[in-house]
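File shown: target_22.tsv. Contents: TSV, C-alpha atoms (C1' of nucleotides).
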chain	number	residue	atom	x	y	z
Q	177	MET	CA	77.81	97.54	200.73
Q	178	GLN	CA	79.15	100.95	201.63
Q	179	GLY	CA	81.29	102.29	204.41
Q	180	ASP	CA	79.98	105.11	206.56
Q	181	PRO	CA	81.70	108.23	205.12
Q	182	SER	CA	80.73	110.31	208.14
Q	183	LEU	CA	82.78	108.02	210.37
Q	184	TYR	CA	86.07	109.33	208.97
Q	185	ASP	CA	86.74	111.79	206.16
Q	186	ILE	CA	90.19	111.28	204.69
Q	187	ASN	CA	90.01	114.88	203.45
Q	188	TRP	CA	91.96	114.23	200.26
Q	189	SER	CA	91.21	116.11	197.05
Q	190	THR	CA	89.90	114.16	194.08
Q	191	ASP	CA	93.25	114.67	192.39
Q	192	LYS	CA	95.14	113.28	195.36
Q	193	ILE	CA	92.92	110.20	195.50
Q	194	GLN	CA	93.44	109.62	191.78
Q	195	ALA	CA	97.18	110.07	192.17
Q	196	PHE	CA	97.22	107.56	195.03
Q	197	ARG	CA	95.36	104.93	193.01
Q	198	GLN	CA	97.56	105.48	189.97
Q	199	THR	CA	100.78	105.31	191.96
Q	200	LEU	CA	99.73	102.19	193.80
Q	201	LEU	CA	98.45	100.35	190.73
Q	202	ALA	CA	101.47	101.32	188.63
Q	203	TRP	CA	103.72	99.89	191.33
Q	204	TYR	CA	101.59	96.75	191.43
Q	205	ASP	CA	101.67	96.31	187.64
Q	206	GLU	CA	105.42	96.54	187.70
Q	207	THR	CA	106.34	94.47	190.73
Q	208	LYS	CA	103.50	92.11	191.56
Q	209	ARG	CA	104.44	88.54	192.32
Q	210	ASP	CA	103.54	85.82	189.85
Q	211	LEU	CA	101.34	83.64	192.06
Q	212	PRO	CA	99.40	80.60	190.80
Q	213	TRP	CA	95.99	82.06	191.64
Q	214	ARG	CA	96.84	85.25	189.77
Q	215	ASN	CA	96.92	83.41	186.46
Q	216	THR	CA	93.23	82.53	186.44
Q	217	ASN	CA	89.77	84.04	186.36
Q	218	ASP	CA	88.13	80.92	187.77
Q	219	PRO	CA	86.21	82.02	190.89
Q	220	TYR	CA	86.64	78.54	192.35
Q	221	LYS	CA	90.41	78.80	192.23
Q	222	ILE	CA	90.34	82.31	193.68
Q	223	TRP	CA	88.13	80.95	196.45
Q	224	VAL	CA	90.44	78.04	197.26
Q	225	SER	CA	93.43	80.38	197.41
Q	226	GLU	CA	91.64	82.84	199.70
Q	227	ILE	CA	90.60	80.13	202.16
Q	228	MET	CA	94.13	78.72	202.26
Q	229	LEU	CA	95.60	82.18	202.72
Q	230	GLN	CA	93.58	82.86	205.86
Q	231	GLN	CA	96.17	83.33	208.60
Q	232	THR	CA	98.69	81.55	206.40
Q	233	GLN	CA	101.62	82.96	204.46
Q	234	VAL	CA	101.86	82.84	200.69
Q	235	ALA	CA	104.97	80.65	200.55
Q	236	THR	CA	103.31	78.03	202.73
Q	237	VAL	CA	100.16	77.97	200.64
Q	238	ILE	CA	101.60	77.54	197.13
Q	239	PRO	CA	102.34	73.77	197.17
Q	240	TYR	CA	99.05	73.02	198.96
Q	241	TYR	CA	97.17	75.11	196.42
Q	242	GLU	CA	98.70	73.34	193.41
Q	243	ARG	CA	97.96	69.89	194.81
Q	244	PHE	CA	94.43	70.81	195.84
Q	245	ILE	CA	93.44	72.24	192.46
Q	246	GLU	CA	95.00	69.30	190.67
Q	247	THR	CA	93.05	66.80	192.78
Q	248	LEU	CA	89.77	68.73	193.06
Q	249	PRO	CA	89.61	71.01	190.01
Q	250	THR	CA	85.96	72.02	190.27
Q	251	ILE	CA	83.28	72.96	192.79
Q	252	GLN	CA	81.51	69.69	191.95
Q	253	ALA	CA	84.61	67.63	192.67
Q	254	LEU	CA	84.99	69.36	196.02
Q	255	ALA	CA	81.32	68.85	196.88
Q	256	ASN	CA	81.62	65.11	196.23
Q	257	ALA	CA	85.03	64.41	197.77
Q	258	GLU	CA	85.61	62.03	200.69
Q	259	GLU	CA	86.53	63.63	203.98
Q	260	GLU	CA	89.76	61.63	204.09
Q	261	THR	CA	90.74	63.05	200.69
Q	262	LEU	CA	90.11	66.58	201.93
Q	263	LEU	CA	92.15	66.10	205.07
Q	264	ASN	CA	95.00	64.46	203.19
Q	265	LEU	CA	95.15	67.55	200.97
Q	266	TRP	CA	95.02	69.85	203.96
Q	267	GLN	CA	97.22	68.01	206.44
Q	268	GLY	CA	99.94	70.24	207.86
Q	269	LEU	CA	98.21	73.44	206.80
Q	270	GLY	CA	96.24	73.87	210.05
Q	271	TYR	CA	92.81	75.28	210.85
Q	272	TYR	CA	91.21	72.16	209.46
Q	273	SER	CA	87.65	73.47	209.77
Q	274	ARG	CA	88.51	75.68	206.81
Q	275	VAL	CA	88.42	72.74	204.41
Q	276	ARG	CA	85.39	71.14	206.04
Q	277	ASN	CA	83.50	74.43	205.75
Q	278	MET	CA	84.65	74.82	202.17
Q	279	GLN	CA	83.11	71.48	201.24
Q	280	ILE	CA	79.85	72.45	202.94
Q	281	ALA	CA	79.92	75.68	200.94
Q	282	ALA	CA	80.54	73.73	197.72
Q	283	GLN	CA	77.47	71.66	198.49
Q	284	GLN	CA	75.53	74.87	199.17
Q	285	ILE	CA	76.60	76.18	195.75
Q	286	VAL	CA	75.42	73.00	194.04
Q	287	ALA	CA	72.10	73.04	195.90
Q	288	ASP	CA	71.32	76.76	196.01
Q	289	TYR	CA	73.28	78.39	193.17
Q	290	ALA	CA	73.06	75.85	190.33
Q	291	GLY	CA	76.70	74.92	190.85
Q	292	ALA	CA	78.14	78.35	190.07
Q	293	MET	CA	79.85	80.70	192.52
Q	294	PRO	CA	77.45	83.48	193.57
Q	295	GLN	CA	78.54	86.90	192.30
Q	296	THR	CA	77.11	89.19	194.98
Q	297	MET	CA	78.34	90.01	198.47
Q	298	LYS	CA	75.10	88.67	199.92
Q	299	GLY	CA	75.47	85.40	198.04
Q	300	LEU	CA	79.13	84.99	198.93
Q	301	LEU	CA	78.48	85.78	202.59
Q	302	SER	CA	75.79	83.10	202.70
Q	303	LEU	CA	78.47	80.45	202.16
Q	304	LYS	CA	80.01	78.58	205.08
Q	305	GLY	CA	83.53	79.77	205.85
Q	306	ILE	CA	83.23	82.98	203.81
Q	307	GLY	CA	83.25	86.08	206.01
Q	308	PRO	CA	83.61	89.78	205.26
Q	309	TYR	CA	87.23	89.58	204.16
Q	310	THR	CA	86.93	86.54	201.90
Q	311	ALA	CA	83.67	87.71	200.33
Q	312	ALA	CA	85.28	91.03	199.44
Q	313	ALA	CA	88.43	89.35	198.14
Q	314	ILE	CA	86.57	86.92	195.86
Q	315	GLY	CA	84.02	89.55	194.88
Q	316	SER	CA	86.60	92.15	193.89
Q	317	ILE	CA	89.14	89.81	192.26
Q	318	ALA	CA	86.81	87.45	190.43
Q	319	PHE	CA	83.77	89.64	189.80
Q	320	GLY	CA	84.94	93.26	189.95
Q	321	LEU	CA	82.82	94.18	192.98
Q	322	VAL	CA	84.01	97.45	194.50
Q	323	GLU	CA	84.66	96.10	197.99
Q	324	PRO	CA	87.78	96.54	200.12
Q	325	ALA	CA	89.20	93.20	201.30
Q	326	ILE	CA	90.11	94.21	204.82
Q	327	ASP	CA	92.77	91.86	206.17
Q	328	GLY	CA	95.77	92.39	208.41
Q	329	ASN	CA	97.75	93.96	205.57
Q	330	LEU	CA	95.13	96.53	204.65
Q	331	MET	CA	94.58	97.46	208.28
Q	332	ARG	CA	98.30	97.94	208.89
Q	333	VAL	CA	98.79	100.00	205.71
Q	334	THR	CA	95.70	102.11	206.35
Q	335	ALA	CA	96.56	102.67	210.00
Q	336	ARG	CA	99.96	103.99	208.96
Q	337	LEU	CA	98.68	106.14	206.09
Q	338	PHE	CA	96.34	108.03	208.43
Q	339	GLU	CA	98.02	107.45	211.81
Q	340	LEU	CA	94.94	105.69	213.15
Q	341	ASP	CA	94.84	104.87	216.85
Q	342	ALA	CA	92.02	102.34	216.57
Q	343	ASP	CA	92.91	98.94	218.02
Q	344	ILE	CA	92.89	96.55	215.04
Q	345	SER	CA	92.35	93.54	217.32
Q	346	GLN	CA	88.87	94.86	218.14
Q	347	PRO	CA	86.10	93.88	215.74
Q	348	LYS	CA	84.40	97.27	215.91
Q	349	SER	CA	87.48	98.91	214.40
Q	350	ARG	CA	86.60	97.31	211.08
Q	351	LYS	CA	84.00	99.99	210.40
Q	352	LEU	CA	86.62	102.71	210.55
Q	353	PHE	CA	88.89	100.93	208.06
Q	354	ALA	CA	85.94	100.24	205.77
Q	355	ALA	CA	84.90	103.90	205.84
Q	356	ILE	CA	88.39	104.96	204.77
Q	357	LEU	CA	89.00	102.25	202.21
Q	358	TYR	CA	85.70	102.86	200.41
Q	359	GLN	CA	86.98	106.38	199.81
Q	360	LEU	CA	90.24	105.09	198.37
Q	361	ILE	CA	89.35	101.97	196.41
Q	362	ASP	CA	89.65	102.16	192.62
Q	363	ALA	CA	86.23	101.34	191.14
Q	364	GLU	CA	87.79	100.36	187.81
Q	365	ARG	CA	90.24	97.83	189.26
Q	366	PRO	CA	89.02	96.90	192.75
Q	367	GLY	CA	90.64	93.45	192.75
Q	368	ASP	CA	94.02	94.83	191.74
Q	369	PHE	CA	93.65	97.66	194.23
Q	370	ASN	CA	93.11	95.17	197.06
Q	371	GLN	CA	95.93	92.92	195.96
Q	372	ALA	CA	98.25	95.89	195.53
Q	373	LEU	CA	97.67	96.92	199.14
Q	374	MET	CA	98.19	93.32	200.26
Q	375	ASP	CA	101.51	93.17	198.39
Q	376	MET	CA	102.43	96.52	199.88
Q	377	GLY	CA	101.73	95.24	203.37
Q	378	ALA	CA	103.50	91.95	202.75
Q	379	THR	CA	106.66	93.27	201.11
Q	380	ILE	CA	107.29	96.92	202.06
Q	381	MET	CA	105.00	98.24	204.75
Q	382	THR	CA	105.66	95.13	206.82
Q	383	PRO	CA	105.23	94.89	210.59
Q	384	ALA	CA	108.97	95.39	211.10
Q	385	ASN	CA	109.04	98.11	208.42
Q	386	LEU	CA	112.72	97.52	207.64
Q	387	ASN	CA	112.91	99.57	204.45
Q	388	PRO	CA	110.37	102.40	204.62
Q	389	GLU	CA	112.08	104.47	201.93
Q	390	ALA	CA	111.20	101.81	199.35
Q	391	SER	CA	107.51	102.62	199.62
Q	392	PRO	CA	106.06	104.08	196.42
Q	393	ILE	CA	103.24	105.63	198.44
Q	394	LYS	CA	105.34	107.25	201.15
Q	395	GLU	CA	104.28	110.72	200.03
Q	396	PHE	CA	100.71	109.74	200.94
Q	397	ASP	CA	101.79	108.19	204.23
Q	398	ARG	CA	101.39	110.43	207.29
Q	399	SER	CA	103.29	108.00	209.53
Q	400	TYR	CA	106.21	108.07	207.08
Q	401	GLN	CA	106.17	111.85	206.91
Q	402	ASN	CA	106.10	112.10	210.71
Q	403	GLY	CA	108.44	109.20	211.47
Q	404	THR	CA	105.74	107.43	213.48
Q	405	ALA	CA	105.32	104.25	211.44
Q	406	HIS	CA	106.58	102.11	214.32
Q	407	LEU	CA	103.57	103.22	216.39
Q	408	TYR	CA	101.05	101.71	213.94
Q	409	PRO	CA	98.94	99.73	213.86
Q	410	VAL	CA	97.80	99.76	217.49
Q	411	LYS	CA	97.09	96.22	218.60
Q	412	LYS	CA	96.32	94.78	221.98
Q	413	LYS	CA	98.67	92.04	223.08
Q	414	LYS	CA	97.44	88.47	222.97
Q	415	VAL	CA	97.10	86.36	226.09
Q	416	LYS	CA	99.87	83.84	226.46
Q	417	ALA	CA	99.21	80.27	225.43
Q	418	THR	CA	98.65	77.85	228.31
Q	419	GLU	CA	101.02	74.90	228.68
Q	420	HIS	CA	99.94	71.27	228.96
Q	421	GLN	CA	101.72	67.98	229.59
Q	422	LEU	CA	100.60	64.94	227.63
Q	423	ILE	CA	101.60	61.33	227.03
Q	424	ALA	CA	101.40	59.75	223.59
Q	425	TYR	CA	101.04	55.99	223.99
Q	426	VAL	CA	102.57	53.92	221.23
Q	427	VAL	CA	100.93	50.55	221.79
Q	428	GLN	CA	102.22	47.76	219.62
Q	429	ASN	CA	100.42	44.42	219.17
Q	430	LEU	CA	102.00	41.07	218.35
Q	431	GLN	CA	101.72	41.78	214.62
Q	432	GLY	CA	103.84	44.89	215.05
Q	433	GLU	CA	100.88	47.21	214.43
Q	434	TRP	CA	100.24	50.43	216.35
Q	435	LEU	CA	96.99	51.54	217.96
Q	436	ILE	CA	95.83	54.82	216.46
Q	437	ARG	CA	92.64	56.81	216.72
Q	438	LYS	CA	90.87	59.55	214.82
Q	439	HIS	CA	90.11	62.67	216.84
Q	440	ASP	CA	86.42	63.44	217.11
Q	441	GLU	CA	84.68	66.80	216.71
Q	442	GLN	CA	84.92	67.64	220.40
Q	443	GLU	CA	88.69	67.73	220.46
Q	444	LEU	CA	91.57	69.46	218.76
Q	445	LEU	CA	92.76	68.30	215.32
Q	446	THR	CA	89.40	66.78	214.45
Q	447	GLY	CA	89.45	64.04	211.84
Q	448	LEU	CA	93.19	63.50	211.99
Q	449	TRP	CA	94.80	60.28	213.23
Q	450	HIS	CA	97.07	60.14	216.29
Q	451	PHE	CA	98.50	57.84	218.86
Q	452	PRO	CA	96.22	57.88	221.92
Q	453	LEU	CA	97.03	61.16	223.69
Q	454	LEU	CA	96.29	61.61	227.37
Q	455	GLU	CA	96.73	64.84	229.28
Q	456	GLN	CA	98.61	64.64	232.58
Q	457	SER	CA	97.06	66.68	235.36
Q	458	VAL	CA	100.33	66.54	237.26
Q	459	VAL	CA	103.82	66.56	235.86
Q	460	MET	CA	105.41	63.20	236.40
Q	461	GLU	CA	109.05	63.36	237.34
Q	462	ALA	CA	110.55	60.04	238.41
Q	463	VAL	CA	107.83	57.68	237.28
Q	464	SER	CA	107.53	53.95	237.72
Q	465	GLU	CA	106.37	51.57	235.03
Q	466	GLU	CA	103.01	51.28	236.74
Q	467	GLU	CA	102.50	55.01	236.83
Q	468	LEU	CA	103.20	55.21	233.12
Q	469	ILE	CA	100.94	52.34	232.16
Q	470	GLU	CA	98.03	53.02	234.48
Q	471	PRO	CA	96.54	56.12	232.78
Q	472	PHE	CA	96.48	54.26	229.50
Q	473	SER	CA	94.89	51.13	230.89
Q	474	ASP	CA	92.19	53.19	232.60
Q	475	TRP	CA	91.51	54.98	229.35
Q	476	TRP	CA	91.50	51.70	227.46
Q	477	ALA	CA	88.96	50.23	229.88
Q	478	GLU	CA	86.76	53.26	229.41
Q	479	GLN	CA	86.88	52.95	225.65
Q	480	ASN	CA	86.06	49.28	225.92
Q	481	SER	CA	83.09	49.75	228.19
Q	482	LEU	CA	81.71	52.52	226.00
Q	483	LEU	CA	82.17	50.43	222.91
Q	484	ASN	CA	80.78	47.22	224.35
Q	485	ASP	CA	77.83	48.97	225.90
Q	486	TYR	CA	78.63	47.50	229.31
Q	487	ALA	CA	77.27	49.31	232.31
Q	488	PHE	CA	80.00	47.88	234.49
Q	489	GLU	CA	83.69	47.16	234.29
Q	490	THR	CA	85.16	43.70	234.76
Q	491	GLU	CA	88.39	44.56	236.48
Q	492	PRO	CA	89.75	45.98	233.26
Q	493	SER	CA	92.69	47.82	234.78
Q	494	ILE	CA	94.27	44.74	236.20
Q	495	THR	CA	93.63	42.74	233.06
Q	496	ILE	CA	95.04	45.35	230.73
Q	497	ASN	CA	97.96	46.11	232.99
Q	498	GLN	CA	99.03	42.51	232.83
Q	499	GLN	CA	98.84	42.54	229.06
Q	500	LEU	CA	101.13	45.53	228.61
Q	501	MET	CA	104.82	46.02	229.17
Q	502	PRO	CA	107.18	48.84	228.35
Q	503	PHE	CA	108.84	48.52	224.99
Q	504	GLY	CA	112.47	48.31	226.07
Q	505	ASP	CA	113.44	49.08	229.61
Q	506	LEU	CA	112.36	52.13	231.48
Q	507	SER	CA	115.70	53.89	231.47
Q	508	THR	CA	115.90	54.00	227.68
Q	509	LEU	CA	112.22	54.76	227.47
Q	510	THR	CA	112.51	58.04	229.29
Q	511	LEU	CA	115.32	59.00	226.93
Q	512	LEU	CA	112.75	59.55	224.22
Q	513	PRO	CA	112.68	63.25	223.43
Q	514	LYS	CA	109.68	65.23	224.53
Q	515	VAL	CA	107.89	66.66	221.55
Q	516	LYS	CA	106.82	70.30	221.79
Q	517	HIS	CA	103.85	71.38	219.74
Q	518	VAL	CA	102.59	74.95	219.68
Q	519	PHE	CA	99.04	75.99	218.82
Q	520	SER	CA	97.80	79.58	218.81
Q	521	HIS	CA	96.16	79.17	222.19
Q	522	ARG	CA	98.11	76.38	223.90
Q	523	VAL	CA	101.41	74.56	224.05
Q	524	TRP	CA	101.68	70.80	224.33
Q	525	HIS	CA	104.68	68.96	225.75
Q	526	VAL	CA	104.22	65.38	224.69
Q	527	GLN	CA	106.11	62.43	226.19
Q	528	LEU	CA	106.21	59.29	224.04
Q	529	VAL	CA	105.59	56.06	225.95
Q	530	PRO	CA	105.92	52.90	223.85
Q	531	LEU	CA	104.10	49.86	225.22
Q	532	MET	CA	103.84	46.33	223.94
Q	533	MET	CA	101.00	43.84	224.20
Q	534	LYS	CA	102.05	40.54	225.70
Q	535	ILE	CA	99.21	38.46	224.28
Q	536	ASP	CA	97.22	38.66	221.11
Q	537	GLN	CA	94.42	41.18	221.11
Q	538	ALA	CA	93.58	41.02	217.42
Q	539	GLY	CA	90.19	42.47	216.66
Q	540	LEU	CA	89.80	44.07	220.02
Q	541	GLN	CA	88.78	47.72	220.07
Q	542	GLU	CA	88.66	48.28	216.35
Q	543	ASN	CA	86.01	50.61	214.95
Q	544	GLU	CA	85.86	53.48	212.46
Q	545	ASN	CA	87.69	55.80	214.84
Q	546	MET	CA	90.22	53.37	216.28
Q	547	ARG	CA	92.37	50.80	214.55
Q	548	TRP	CA	95.60	48.86	214.46
Q	549	GLN	CA	97.79	50.17	211.69
Q	550	SER	CA	101.17	49.01	210.46
Q	551	PRO	CA	103.83	51.71	210.93
Q	552	LYS	CA	104.47	51.96	207.20
Q	553	GLN	CA	100.83	52.63	206.40
Q	554	ILE	CA	100.21	55.34	208.96
Q	555	ARG	CA	101.15	58.05	206.52
Q	556	ASP	CA	98.37	56.92	204.18
Q	557	LEU	CA	95.95	58.44	206.67
Q	558	PRO	CA	95.56	62.14	207.36
Q	559	VAL	CA	97.80	62.98	210.32
Q	560	SER	CA	98.58	66.26	212.07
Q	561	THR	CA	101.99	67.85	212.20
Q	562	LEU	CA	102.15	66.79	215.84
Q	563	GLN	CA	101.70	63.15	214.84
Q	564	GLN	CA	104.40	63.57	212.21
Q	565	LYS	CA	106.76	64.91	214.86
Q	566	LEU	CA	105.95	61.92	217.08
Q	567	LEU	CA	106.61	59.47	214.25
Q	568	LYS	CA	109.92	61.11	213.51
Q	569	ALA	CA	111.00	61.05	217.15
Q	570	LEU	CA	110.06	57.39	217.30
Q	571	GLU	CA	112.05	56.60	214.18
Q	572	SER	CA	115.29	57.64	215.81
Q	573	TYR	CA	114.44	55.54	218.84
Q	574	LEU	CA	113.52	52.25	217.20
N	217	DA	C1'	83.52	91.08	222.77
N	218	DA	C1'	86.25	87.21	223.73
N	219	DT	C1'	87.63	82.65	222.68
N	220	DT	C1'	88.64	78.87	219.69
N	221	DC	C1'	90.53	77.00	215.97
N	222	DG	C1'	97.47	75.14	213.21
N	223	DG	C1'	101.42	75.78	211.86
N	224	DG	C1'	105.27	78.21	210.14
N	225	DG	C1'	108.24	82.41	209.03
N	226	DG	C1'	110.74	86.44	210.41
N	227	DT	C1'	113.20	89.19	213.77
W	81	DA	C1'	110.61	84.94	222.83
W	82	DC	C1'	107.53	87.43	220.42
W	83	DC	C1'	104.75	88.90	216.60
W	84	DC	C1'	102.39	88.09	212.46
W	85	DC	C1'	100.09	85.77	208.69
W	86	DA	C1'	95.08	87.44	202.02
W	87	DG	C1'	90.10	85.25	209.29
W	88	DA	C1'	85.64	82.81	210.48
W	89	DA	C1'	82.71	80.41	213.66
W	90	DT	C1'	81.30	79.86	218.11
W	91	DT	C1'	80.47	81.21	222.76

Please express the file's structure as structure tokens.
Amino acid sequence: MQGDPSLYDINWSTDKIQAFRQTLLAWYDETKRDLPWRNTNDPYKIWVSEIMLQQTQVATVIPYYERFIETLPTIQALANAEEETLLNLWQGLGYYSRVRNMQIAAQQIVADYAGAMPQTMKGLLSLKGIGPYTAAAIGSIAFGLVEPAIDGNLMRVTARLFELDADISQPKSRKLFAAILYQLIDAERPGDFNQALMDMGATIMTPANLNPEASPIKEFDRSYQNGTAHLYPVKKKKVKATEHQLIAYVVQNLQGEWLIRKHDEQELLTGLWHFPLLEQSVVMEAVSEEELIEPFSDWWAEQNSLLNDYAFETEPSITINQQLMPFGDLSTLTLLPKVKHVFSHRVWHVQLVPLMMKIDQAGLQENENMRWQSPKQIRDLPVSTLQQKLLKALESYL
DNA sequence: AATTCGGGGGT
DNA sequence: ACCCCAGAATT
């Protein structure tokens, strides 16, 4: 892989390029952080770290990384792991398709690469969940491939060094950064070169740029020389997240167990267990008991008819309604705090509504995606951070 | 090219 | 509030 040199000529002399590499790498050798994945040459461990670090800060990743490597120390172990094990290791980290894709990739490696990490860009890019950035990161760090690992840090640093006006939120801008970085990257130490620029972007040339004088490469930095660092990188603003109102139903049976369900692949937080969550099309202000219970009983009837393969409903709403009652009286019920949960693209405001079954419904509704679970054993299953917030809010109520 | 995927940290 | 984070897959 090569960048297109005609796209942008940095117009630095050979001596200046050498001086830049030497300055940057000397700074890195002196000040680099001692991170777990920097004490290994195992491509598998580098891979795990790079997947976890996608859109996720170093400090957040470290404990997840340690636990993951301890539990699944090899590609083979990952390929053979249960999905529940994977999600338990990943719960709270977010972007759960990352770990699902990583297992698919591990199985690809076993099937197509004799169980060993491929050592070419083409091979790495053939793996599920490995894109241009991650392929370059693994390739350069683990195998010495001379490839720039173009992430948010490298784009910010590069944009400032050359006062680039390209919008980094646009995919086509990647070519420009690649063209420049291929001219700069140190062919002897490509992995260290990439990591040095990442450290630079993470610790000194940060978005806020609070201490620009600390930069060891400021003499190479046009935005520093011209006092324009705050203008770079150029990035289009994101659209605001849409807001949604939901109810989380905490349905308790006569054994004191709660109804929980595993989200399927068509919804958010796939594979993780939650109380039944229903979106409210209209915001309910002063609600009656019936208005709180009804959406759940309709949903329950739908689940039942799907599960029982019935083409018709046998007055389920009425039946279920009569079997449920609010847990405590309505006035205390509405005192439960609303839980706010923020995703990248939406915001959920979730109202807890505890309900109790009046008569025994043991056995009803259970299948692999829906079950009654005792409160103490819920944390044995993979749950999202939202579900953890709901459990905590409930704790203070009960 | 735009949208969809979580969750937390810093200002 | 707002932005960002060692991004990739899907639409």

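Note that CA of Met374 in chain Q and C1' of DA86 in chain W are 6.9 Å apart.
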
I'd like the contact shell of Leu183 in chain Q - 8 Å cut-off, all atoms listed in the file, skipping same-chain residues fewer than 2 positions apart - returned as a PyMOL selection string.
chain Q and resi 180-181+185+352+355

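Residues in contact with DA218 in chain N at 12 Å, where only C-alpha atoms (C1' of nucleotides) are counted and same-chain residues fewer than 6 positions away are skipped, are listed as Ser345, Gln346, Pro347, Lys414 and Val415 of chain Q; DT90 and DT91 of chain W.
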
Counting only C-alpha atoms (C1' of nucleotides), collect the residues of chain N whose closest atom lies at most 7 Å from chain Q, and write them out as a short mmCIF file (atom, residue, chain, number, x, y, z; two decimals) with C-alpha atoms (C1' of nucleotides), in the coordinates of the input.
data_model
loop_
_atom_site.label_atom_id
_atom_site.label_comp_id
_atom_site.auth_asym_id
_atom_site.auth_seq_id
_atom_site.Cartn_x
_atom_site.Cartn_y
_atom_site.Cartn_z
"C1'" DC N 221 90.53 77.00 215.97
"C1'" DG N 222 97.47 75.14 213.21
"C1'" DG N 223 101.42 75.78 211.86
#

Contact residues around DC84 in chain W with all atoms listed in the file at 9 Å, ignoring same-chain residues under 5 positions, as a ChimeraX atom specification
/Q:231,328,383 /N:225-226

Quick one: residues within 8 Å of Gly291 in chain Q, all atoms listed in the file, excluding same-chain residues fewer than 5 positions away - as an mmCIF file with C-alpha atoms, in the coordinates of the input?
data_model
loop_
_atom_site.group_PDB
_atom_site.id
_atom_site.type_symbol
_atom_site.label_atom_id
_atom_site.label_comp_id
_atom_site.auth_asym_id
_atom_site.auth_seq_id
_atom_site.Cartn_x
_atom_site.Cartn_y
_atom_site.Cartn_z
ATOM 1 C CA ILE Q 251 83.280 72.960 192.790
ATOM 2 C CA GLN Q 252 81.510 69.690 191.950
ATOM 3 C CA ALA Q 282 80.540 73.730 197.720
ATOM 4 C CA ILE Q 285 76.600 76.180 195.750
ATOM 5 C CA VAL Q 286 75.420 73.000 194.040
#

Mind listing as an NGL selection string which residues of chain Q are within 10 Å of chain W, counting only C-alpha atoms (C1' of nucleotides)?
:Q and (225-234 or 273-274 or 277 or 304-310 or 313 or 325-330 or 370-371 or 374-375 or 378 or 382-384 or 413-414)

From the set Q:Pro392, Q:Pro409, Q:Pro249, Q:Pro366, which residue has the shortest atom-to-atom contact distance to Gly320 in chain Q, counting all atoms listed in the file?
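Of Q:Pro392, Q:Pro409, Q:Pro249, Q:Pro366, the one nearest Gly320 in chain Q, counting all atoms listed in the file, is Q:Pro366.
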
In Å, with one decimal, what is the gap from CA of Arg547 in chain Q to CA of Lys516 in chain Q?
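Going from CA of Arg547 in chain Q over to CA of Lys516 in chain Q covers 25.3 Å.
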
Name all residues at most 12 Å from His525 in chain Q (count only C-alpha atoms (C1' of nucleotides); drop same-chain ones fewer than 3 positions away) and give them as JSON, numbers by chain.
{"Q": [418, 419, 420, 421, 422, 423, 424, 453, 454, 455, 456, 459, 513, 514, 515, 516, 517, 518, 519, 522, 528, 562, 565, 566]}

Find the distance between CA of Glu364 in chain Q and CA of Val322 in chain Q and write it in Å to one decimal.
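We find that CA of Glu364 in chain Q and CA of Val322 in chain Q lie 8.2 Å from each other.
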
Restricting the calculation to all atoms listed in the file, which member of Q:Asp368, Q:Glu242, Q:Glu443, Q:Glu433 is positioned closest to DT220 in chain N?
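Closest residue, counting all atoms listed in the file: Q:Glu443.
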